[in-house]
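Participant: Input structure: work.cif, which contains mmCIF, C-alpha atoms and all ligand atoms.
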data_final
#
loop_
_atom_site.label_atom_id
_atom_site.label_comp_id
_atom_site.auth_asym_id
_atom_site.auth_seq_id
_atom_site.Cartn_x
_atom_site.Cartn_y
_atom_site.Cartn_z
CA MET A 1413 21.67 -2.70 -1.25
CA LYS A 1414 20.67 -6.05 -2.67
CA LYS A 1415 21.68 -6.57 -6.28
CA GLU A 1416 18.24 -7.79 -7.09
CA THR A 1417 14.96 -6.52 -8.43
CA ALA A 1418 11.88 -5.89 -6.30
CA LEU A 1419 8.29 -5.65 -7.48
CA VAL A 1420 6.16 -3.25 -5.44
CA VAL A 1421 2.39 -3.64 -5.28
CA PHE A 1422 1.69 0.01 -5.87
CA SER A 1423 -1.50 2.05 -5.52
CA GLY A 1424 -0.06 5.55 -5.33
CA GLY A 1425 -1.23 5.91 -1.72
CA GLN A 1426 0.89 6.96 1.25
CA ASP A 1427 1.84 3.43 2.30
CA SER A 1428 2.75 1.87 -1.03
CA THR A 1429 4.57 5.03 -2.17
CA THR A 1430 6.68 4.94 0.99
CA CYS A 1431 7.36 1.27 0.18
CA LEU A 1432 8.33 2.18 -3.38
CA PHE A 1433 11.05 4.50 -2.12
CA TRP A 1434 12.05 2.00 0.58
CA ALA A 1435 12.52 -0.57 -2.20
CA LYS A 1436 14.57 1.90 -4.24
CA LYS A 1437 16.91 2.21 -1.29
CA ASN A 1438 17.18 -1.54 -0.71
CA PHE A 1439 17.20 -3.05 -4.21
CA SER A 1440 19.19 -2.30 -7.33
CA LYS A 1441 16.09 -2.23 -9.52
CA VAL A 1442 12.44 -1.60 -8.70
CA CYS A 1443 9.25 -2.21 -10.66
CA ALA A 1444 5.80 -1.03 -9.63
CA LEU A 1445 2.55 -2.83 -10.40
CA SER A 1446 -0.84 -1.15 -10.02
CA PHE A 1447 -4.28 -2.68 -10.24
CA ILE A 1448 -7.59 -1.52 -11.60
CA TYR A 1449 -10.06 -3.40 -9.40
CA GLY A 1450 -13.24 -1.45 -9.99
CA GLN A 1451 -12.34 1.26 -7.50
CA LYS A 1452 -14.47 4.40 -7.75
CA HIS A 1453 -11.41 6.55 -8.16
CA VAL A 1454 -9.61 5.14 -11.15
CA LYS A 1455 -7.54 8.30 -11.35
CA GLU A 1456 -5.45 6.85 -8.52
CA VAL A 1457 -3.82 4.70 -11.21
CA GLU A 1458 -2.78 7.82 -13.14
CA LEU A 1459 -1.38 9.39 -9.97
CA ALA A 1460 0.50 6.15 -9.33
CA ARG A 1461 1.91 6.25 -12.85
CA ALA A 1462 3.12 9.85 -12.35
CA ILE A 1463 4.81 8.99 -9.04
CA ALA A 1464 6.48 5.92 -10.55
CA GLN A 1465 7.78 8.05 -13.40
CA LYS A 1466 9.16 10.59 -10.96
CA ALA A 1467 10.79 7.80 -8.95
CA GLY A 1468 12.30 6.42 -12.14
CA VAL A 1469 10.84 2.94 -11.78
CA ASP A 1470 9.13 0.70 -14.34
CA PHE A 1471 5.36 0.86 -14.07
CA ASP A 1472 2.66 -1.51 -15.20
CA VAL A 1473 -1.08 -1.84 -14.67
CA MET A 1474 -3.24 -4.95 -14.46
CA ASP A 1475 -6.97 -4.80 -14.93
CA VAL A 1476 -8.59 -7.05 -12.33
CA SER A 1477 -11.98 -5.33 -12.25
CA PHE A 1478 -13.72 -8.62 -11.54
CA ILE A 1479 -12.58 -8.30 -7.90
CA GLY A 1480 -14.93 -5.37 -7.33
CA SER A 1481 -17.94 -7.27 -8.64
CA LEU A 1482 -17.18 -10.48 -6.76
CA GLY A 1483 -17.66 -9.11 -3.27
CA LYS A 1484 -19.81 -6.20 -2.14
CA ASN A 1485 -17.89 -3.25 -0.69
CA SER A 1486 -18.18 0.51 -0.55
CA LEU A 1487 -14.92 1.20 -2.40
CA THR A 1488 -16.21 -0.25 -5.65
CA ASP A 1489 -19.99 0.06 -5.24
CA THR A 1490 -21.31 3.63 -5.26
CA SER A 1491 -24.69 2.53 -3.87
CA ILE A 1492 -23.16 1.52 -0.52
CA GLU A 1493 -22.55 4.23 2.03
CA MET A 1494 -19.03 4.00 3.46
CA ASP A 1495 -18.61 2.84 7.07
CA GLN A 1496 -16.96 5.64 9.02
CA VAL A 1497 -15.92 3.41 11.90
CA LYS A 1498 -15.26 -0.30 12.14
CA PRO A 1499 -18.45 -2.15 13.15
CA ALA A 1500 -17.96 -4.10 16.40
CA ASP A 1501 -18.84 -7.49 14.95
CA SER A 1502 -17.52 -7.38 11.39
CA VAL A 1503 -15.05 -5.82 8.97
CA PRO A 1504 -15.84 -2.30 7.68
CA ASN A 1505 -17.55 -2.19 4.27
CA THR A 1506 -14.48 -0.47 2.81
CA PHE A 1507 -12.89 -3.91 2.98
CA VAL A 1508 -12.51 -5.37 -0.53
CA PRO A 1509 -12.65 -9.14 0.06
CA GLY A 1510 -9.69 -10.95 -1.43
CA ARG A 1511 -7.95 -7.80 -2.63
CA ASN A 1512 -4.52 -8.44 -1.17
CA LEU A 1513 -4.82 -12.17 -1.90
CA PHE A 1514 -5.48 -11.46 -5.59
CA PHE A 1515 -2.98 -8.59 -5.86
CA LEU A 1516 -0.09 -10.49 -4.33
CA SER A 1517 -0.89 -13.71 -6.19
CA ILE A 1518 -1.02 -11.87 -9.51
CA ALA A 1519 2.12 -9.90 -8.59
CA ALA A 1520 3.93 -13.17 -7.86
CA VAL A 1521 3.03 -14.65 -11.26
CA TYR A 1522 4.02 -11.37 -12.92
CA ALA A 1523 7.31 -11.34 -10.98
CA ARG A 1524 8.06 -14.98 -11.79
CA GLU A 1525 7.75 -14.27 -15.51
CA ARG A 1526 10.42 -11.62 -15.11
CA GLY A 1527 12.77 -13.50 -12.84
CA ILE A 1528 11.89 -11.34 -9.83
CA ARG A 1529 11.53 -12.98 -6.42
CA HIS A 1530 11.18 -10.00 -4.07
CA LEU A 1531 7.67 -8.65 -3.60
CA VAL A 1532 6.94 -5.54 -1.55
CA THR A 1533 3.57 -4.56 -0.07
CA GLY A 1534 2.57 -1.68 2.18
CA VAL A 1535 0.21 -3.60 4.46
CA SER A 1536 0.37 -2.89 8.19
CA GLN A 1537 -0.97 -4.88 11.10
CA THR A 1538 -0.63 -1.84 13.37
CA ASP A 1539 -3.20 0.24 11.47
CA PHE A 1540 -5.00 -2.66 9.92
CA SER A 1541 -8.42 -1.04 10.20
CA GLY A 1542 -10.03 -4.44 10.67
CA TYR A 1543 -8.78 -5.81 7.33
CA PRO A 1544 -7.72 -9.42 7.89
CA ASP A 1545 -5.54 -9.48 4.76
CA CYS A 1546 -3.23 -6.79 6.17
CA ARG A 1547 -2.07 -9.00 9.02
CA ASP A 1548 1.33 -10.58 9.33
CA ASN A 1549 0.02 -14.14 9.64
CA PHE A 1550 -1.89 -13.80 6.37
CA ILE A 1551 1.17 -12.49 4.52
CA LYS A 1552 3.42 -15.24 5.92
CA SER A 1553 0.86 -17.88 5.05
CA LEU A 1554 0.45 -16.51 1.51
CA ASN A 1555 4.23 -16.39 1.08
CA VAL A 1556 4.41 -20.12 1.82
CA THR A 1557 1.45 -20.82 -0.44
CA LEU A 1558 2.91 -18.89 -3.37
CA ASN A 1559 6.22 -20.67 -3.02
CA LEU A 1560 4.48 -24.04 -2.96
CA ALA A 1561 2.15 -23.11 -5.81
CA MET A 1562 4.95 -22.14 -8.18
CA GLU A 1563 7.98 -23.93 -6.75
CA GLU A 1564 9.67 -20.58 -6.18
CA GLN A 1565 11.43 -18.78 -3.34
CA PHE A 1566 9.49 -15.55 -3.21
CA VAL A 1567 10.13 -13.19 -0.32
CA ILE A 1568 7.27 -10.85 0.55
CA HIS A 1569 8.63 -7.71 2.21
CA THR A 1570 6.35 -5.67 4.46
CA PRO A 1571 8.35 -2.63 5.65
CA LEU A 1572 5.29 -1.10 7.36
CA MET A 1573 3.92 -4.20 9.09
CA TRP A 1574 4.80 -3.21 12.65
CA ILE A 1575 4.89 0.57 12.42
CA ASP A 1576 2.02 3.03 12.75
CA LYS A 1577 1.09 5.94 10.50
CA ALA A 1578 3.31 8.39 12.43
CA ASP A 1579 6.32 6.13 11.90
CA THR A 1580 5.37 5.71 8.24
CA TRP A 1581 5.67 9.51 7.91
CA ALA A 1582 8.99 9.32 9.75
CA LEU A 1583 10.19 6.68 7.28
CA ALA A 1584 9.16 8.87 4.33
CA ASP A 1585 11.12 11.75 5.83
CA GLU A 1586 14.13 9.51 6.42
CA LEU A 1587 13.97 8.39 2.78
CA GLY A 1588 13.88 12.06 1.70
CA VAL A 1589 10.43 11.85 0.13
CA PHE A 1590 8.21 13.48 2.76
CA ASP A 1591 6.93 16.18 0.36
CA ILE A 1592 6.20 13.75 -2.47
CA ILE A 1593 4.22 11.55 -0.09
CA ARG A 1594 2.40 14.48 1.47
CA ASN A 1595 1.45 16.27 -1.75
CA GLU A 1596 1.26 13.70 -4.51
CA THR A 1597 -0.13 10.49 -3.05
CA LEU A 1598 -3.79 9.58 -2.84
CA THR A 1599 -5.07 7.85 0.28
CA CYS A 1600 -8.49 9.50 0.55
CA TYR A 1601 -11.56 7.31 0.00
CA ASN A 1602 -13.18 10.31 -1.70
CA GLY A 1603 -10.44 10.50 -4.32
CA ILE A 1604 -8.78 13.77 -3.30
CA PRO A 1605 -4.95 13.67 -3.45
CA GLY A 1606 -2.58 15.11 -0.85
CA ASP A 1607 -4.26 15.98 2.43
CA GLY A 1608 -7.54 14.65 0.96
CA CYS A 1609 -11.13 15.37 2.00
CA GLY A 1610 -10.10 15.37 5.66
CA HIS A 1611 -13.08 13.46 7.01
CA CYS A 1612 -13.14 9.94 5.55
CA PRO A 1613 -11.57 7.13 7.68
CA ALA A 1614 -8.44 6.98 5.48
CA CYS A 1615 -7.89 10.76 5.72
CA LYS A 1616 -8.41 10.69 9.49
CA LEU A 1617 -5.85 7.93 9.98
CA ARG A 1618 -3.38 9.66 7.67
CA ARG A 1619 -3.84 13.08 9.32
CA GLU A 1620 -3.60 11.76 12.89
CA GLY A 1621 -0.34 10.04 11.97
CA LEU A 1622 0.99 13.18 10.32
CA GLU A 1623 0.11 15.37 13.30
CA LYS A 1624 1.68 12.91 15.71
CA TYR A 1625 4.85 12.74 13.63
CA LEU A 1626 5.13 16.53 13.15
CA ALA A 1627 4.58 17.13 16.88
CA ARG A 1628 7.31 14.63 17.71
CA LYS A 1629 9.67 16.24 15.19
CA ASN A 1630 8.97 19.74 16.54
CA ASN A 1631 9.64 18.55 20.09
CA LEU A 1632 12.95 17.07 18.99
CA ASN A 1633 13.91 20.25 17.14
CA SER A 1634 13.05 22.53 20.06
CA ALA A 1635 14.96 20.26 22.48
CA GLU A 1636 18.15 20.63 20.44
ZN ZN B 1701 -10.74 11.52 2.54
#
What is this file in structure tokens?
Ligand code: ZN
Facilitator:
Amino acid sequence: MKKETALVVFSGGQDSTTCLFWAKKNFSKVCALSFIYGQKHVKEVELARAIAQKAGVDFDVMDVSFIGSLGKNSLTDTSIEMDQVKPADSVPNTFVPGRNLFFLSIAAVYARERGIRHLVTGVSQTDFSGYPDCRDNFIKSLNVTLNLAMEEQFVIHTPLMWIDKADTWALADELGVFDIIRNETLTCYNGIPGDGCGHCPACKLRREGLEKYLARKNNLNSAE
């Protein structure tokens, strides 16, 4: 375990909660930072707060609601019907333009003020759903930019970058937090915690990963 502090960009969803516990295992101190960005389901921040409390990590919230009004998207604008699948020629309208750019940039400034240089984010290129700011090249590029912008040596950690949803469930299990992730996190675009509404794109991705992981685990158990 590194004797250093990590700041986790934390939404209270499956991915960032898994990252929160990953950080707890790998760093001596962990802080979580959530954002209010005009999302329809602001209660996700309260769920995030409750999980952080349970995990025993410091928790803070930044209000960056301007992000939602800058670019049109169906996560912050109730008048837009959510894309159920990724359109062939563009990003899905659940994409919030600039979200990870703003979140990580703000997190870096926040971290710098507190002498923290490790940042953790739950983005994944494997399940990137067509979001360009979840890709490895974007994160690496931003890492360089942040270091140049502030003359710092930030390290952005992305424990989920190359694993899929099934392996993210496996990681949660390995970290001993499978039940917390399954029951208390909110991934659903319709704002329903745990297994969610079951039919939005986020629920589908989460459920398919869970089923794949559970099937694999059952196979292993029955082979023993
Ligand atoms: Zn859902």
Participant: List all protein, DNA and RNA residues that have an atom no more than 8 Å from any atom of ligand ZN 1701 (chain B), counting all atoms listed in the file, and report them as a PyMOL selection string.
Facilitator: chain A and resi 1599-1604+1607-1616
Participant: Taking all atoms listed in the file into account, which of A:Ile1518, A:Val1503, A:Val1508, A:Val1567 comes nearest Ser1446 (chain A)?
Facilitator: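 Closest to Ser1446 (chain A) of all the choices is A:Ile1518.
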Participant: Of the candidates A:Ser1517, A:Thr1417, A:Asn1559, A:Thr1533, which one gets nearest to Arg1547 (chain A) if we count all atoms listed in the file?
Facilitator: A:Thr1533
Participant: Could you pull the residues within 7 Å of Gln1426 (chain A), counting all atoms listed in the file, minus those fewer than 5 positions along the same chain, as a PyMOL selection string?
Facilitator: chain A and resi 1593+1597-1599
Participant: Report, in Å with one decimal, the straight-line distance from CA of Ala1460 (chain A) to CA of Ser1423 (chain A).
Facilitator: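 According to the coordinates, CA of Ala1460 (chain A) and CA of Ser1423 (chain A) are separated by 5.9 Å.
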Participant: For Met1494 (chain A), which residue out of A:Ala1444, A:Phe1507, A:Thr1538, A:Gln1465 is the nearest one, using only C-alpha atoms?
Facilitator: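 So, comparing all the options, the nearest one is A:Phe1507.
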Participant: What does the distance between CA of Tyr1543 (chain A) and CA of Glu1525 (chain A) come to in Å, to one decimal place?
Facilitator: 29.4 Å
Participant: For CA of Trp1581 (chain A) and CA of Val1442 (chain A), determine how far apart the two atoms are, in Å to one decimal place.
Facilitator: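 Computing it gives 21.1 Å between the two atoms.
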Participant: Fix up region 1498-1528 of chain A with N, CA and C atoms, then write it as an mmCIF file, in the coordinates of the input.
Facilitator:
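Now in rebuild-v2.cif:
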data_model
loop_
_atom_site.group_PDB
_atom_site.id
_atom_site.type_symbol
_atom_site.label_atom_id
_atom_site.label_comp_id
_atom_site.auth_asym_id
_atom_site.auth_seq_id
_atom_site.Cartn_x
_atom_site.Cartn_y
_atom_site.Cartn_z
ATOM 1 N N LYS A 1498 -15.187 1.151 12.271
ATOM 2 C CA LYS A 1498 -15.260 -0.300 12.140
ATOM 3 C C LYS A 1498 -16.414 -0.839 12.964
ATOM 4 N N PRO A 1499 -17.358 -1.568 12.357
ATOM 5 C CA PRO A 1499 -18.450 -2.150 13.150
ATOM 6 C C PRO A 1499 -17.853 -3.154 14.160
ATOM 7 N N ALA A 1500 -18.509 -3.271 15.331
ATOM 8 C CA ALA A 1500 -17.960 -4.100 16.400
ATOM 9 C C ALA A 1500 -17.831 -5.568 16.004
ATOM 10 N N ASP A 1501 -18.784 -6.041 15.207
ATOM 11 C CA ASP A 1501 -18.840 -7.490 14.950
ATOM 12 C C ASP A 1501 -18.414 -7.915 13.550
ATOM 13 N N SER A 1502 -17.905 -6.976 12.744
ATOM 14 C CA SER A 1502 -17.520 -7.380 11.390
ATOM 15 C C SER A 1502 -16.458 -6.435 10.835
ATOM 16 N N VAL A 1503 -16.004 -6.717 9.615
ATOM 17 C CA VAL A 1503 -15.050 -5.820 8.970
ATOM 18 C C VAL A 1503 -15.805 -4.615 8.404
ATOM 19 N N PRO A 1504 -15.144 -3.451 8.266
ATOM 20 C CA PRO A 1504 -15.840 -2.300 7.680
ATOM 21 C C PRO A 1504 -16.142 -2.572 6.195
ATOM 22 N N ASN A 1505 -17.191 -1.889 5.658
ATOM 23 C CA ASN A 1505 -17.550 -2.190 4.270
ATOM 24 C C ASN A 1505 -16.606 -1.585 3.238
ATOM 25 N N THR A 1506 -15.549 -0.909 3.719
ATOM 26 C CA THR A 1506 -14.480 -0.470 2.810
ATOM 27 C C THR A 1506 -13.513 -1.616 2.521
ATOM 28 N N PHE A 1507 -13.711 -2.716 3.212
ATOM 29 C CA PHE A 1507 -12.890 -3.910 2.980
ATOM 30 C C PHE A 1507 -13.264 -4.534 1.633
ATOM 31 N N VAL A 1508 -12.274 -4.725 0.761
ATOM 32 C CA VAL A 1508 -12.510 -5.370 -0.530
ATOM 33 C C VAL A 1508 -12.053 -6.822 -0.387
ATOM 34 N N PRO A 1509 -13.031 -7.756 -0.247
ATOM 35 C CA PRO A 1509 -12.650 -9.140 0.060
ATOM 36 C C PRO A 1509 -11.716 -9.723 -0.993
ATOM 37 N N GLY A 1510 -10.630 -10.288 -0.517
ATOM 38 C CA GLY A 1510 -9.690 -10.950 -1.430
ATOM 39 C C GLY A 1510 -8.695 -10.039 -2.115
ATOM 40 N N ARG A 1511 -8.784 -8.727 -1.859
ATOM 41 C CA ARG A 1511 -7.950 -7.800 -2.630
ATOM 42 C C ARG A 1511 -6.448 -8.116 -2.529
ATOM 43 N N ASN A 1512 -5.952 -8.195 -1.306
ATOM 44 C CA ASN A 1512 -4.520 -8.440 -1.170
ATOM 45 C C ASN A 1512 -4.122 -9.853 -1.606
ATOM 46 N N LEU A 1513 -5.054 -10.792 -1.424
ATOM 47 C CA LEU A 1513 -4.820 -12.170 -1.900
ATOM 48 C C LEU A 1513 -4.643 -12.176 -3.415
ATOM 49 N N PHE A 1514 -5.572 -11.519 -4.124
ATOM 50 C CA PHE A 1514 -5.480 -11.460 -5.590
ATOM 51 C C PHE A 1514 -4.252 -10.654 -6.018
ATOM 52 N N PHE A 1515 -4.085 -9.471 -5.443
ATOM 53 C CA PHE A 1515 -2.980 -8.590 -5.860
ATOM 54 C C PHE A 1515 -1.631 -9.296 -5.730
ATOM 55 N N LEU A 1516 -1.401 -9.876 -4.563
ATOM 56 C CA LEU A 1516 -0.090 -10.490 -4.330
ATOM 57 C C LEU A 1516 0.096 -11.755 -5.168
ATOM 58 N N SER A 1517 -0.991 -12.502 -5.371
ATOM 59 C CA SER A 1517 -0.890 -13.710 -6.190
ATOM 60 C C SER A 1517 -0.571 -13.338 -7.635
ATOM 61 N N ILE A 1518 -1.267 -12.327 -8.144
ATOM 62 C CA ILE A 1518 -1.020 -11.870 -9.510
ATOM 63 C C ILE A 1518 0.384 -11.280 -9.615
ATOM 64 N N ALA A 1519 0.770 -10.503 -8.599
ATOM 65 C CA ALA A 1519 2.120 -9.900 -8.590
ATOM 66 C C ALA A 1519 3.185 -10.992 -8.623
ATOM 67 N N ALA A 1520 2.940 -12.090 -7.908
ATOM 68 C CA ALA A 1520 3.930 -13.170 -7.860
ATOM 69 C C ALA A 1520 4.077 -13.837 -9.230
ATOM 70 N N VAL A 1521 2.960 -14.054 -9.913
ATOM 71 C CA VAL A 1521 3.030 -14.650 -11.260
ATOM 72 C C VAL A 1521 3.760 -13.693 -12.209
ATOM 73 N N TYR A 1522 3.400 -12.423 -12.091
ATOM 74 C CA TYR A 1522 4.020 -11.370 -12.920
ATOM 75 C C TYR A 1522 5.532 -11.338 -12.642
ATOM 76 N N ALA A 1523 5.899 -11.386 -11.372
ATOM 77 C CA ALA A 1523 7.310 -11.340 -10.980
ATOM 78 C C ALA A 1523 8.051 -12.570 -11.507
ATOM 79 N N ARG A 1524 7.437 -13.723 -11.348
ATOM 80 C CA ARG A 1524 8.060 -14.980 -11.790
ATOM 81 C C ARG A 1524 8.424 -14.929 -13.261
ATOM 82 N N GLU A 1525 7.509 -14.375 -14.062
ATOM 83 C CA GLU A 1525 7.750 -14.270 -15.510
ATOM 84 C C GLU A 1525 8.985 -13.436 -15.829
ATOM 85 N N ARG A 1526 9.308 -12.549 -14.879
ATOM 86 C CA ARG A 1526 10.420 -11.620 -15.110
ATOM 87 C C ARG A 1526 11.650 -11.941 -14.259
ATOM 88 N N GLY A 1527 11.631 -13.098 -13.641
ATOM 89 C CA GLY A 1527 12.770 -13.500 -12.840
ATOM 90 C C GLY A 1527 12.943 -12.698 -11.557
ATOM 91 N N ILE A 1528 11.847 -12.138 -11.066
ATOM 92 C CA ILE A 1528 11.890 -11.340 -9.830
ATOM 93 C C ILE A 1528 11.367 -12.188 -8.682
#
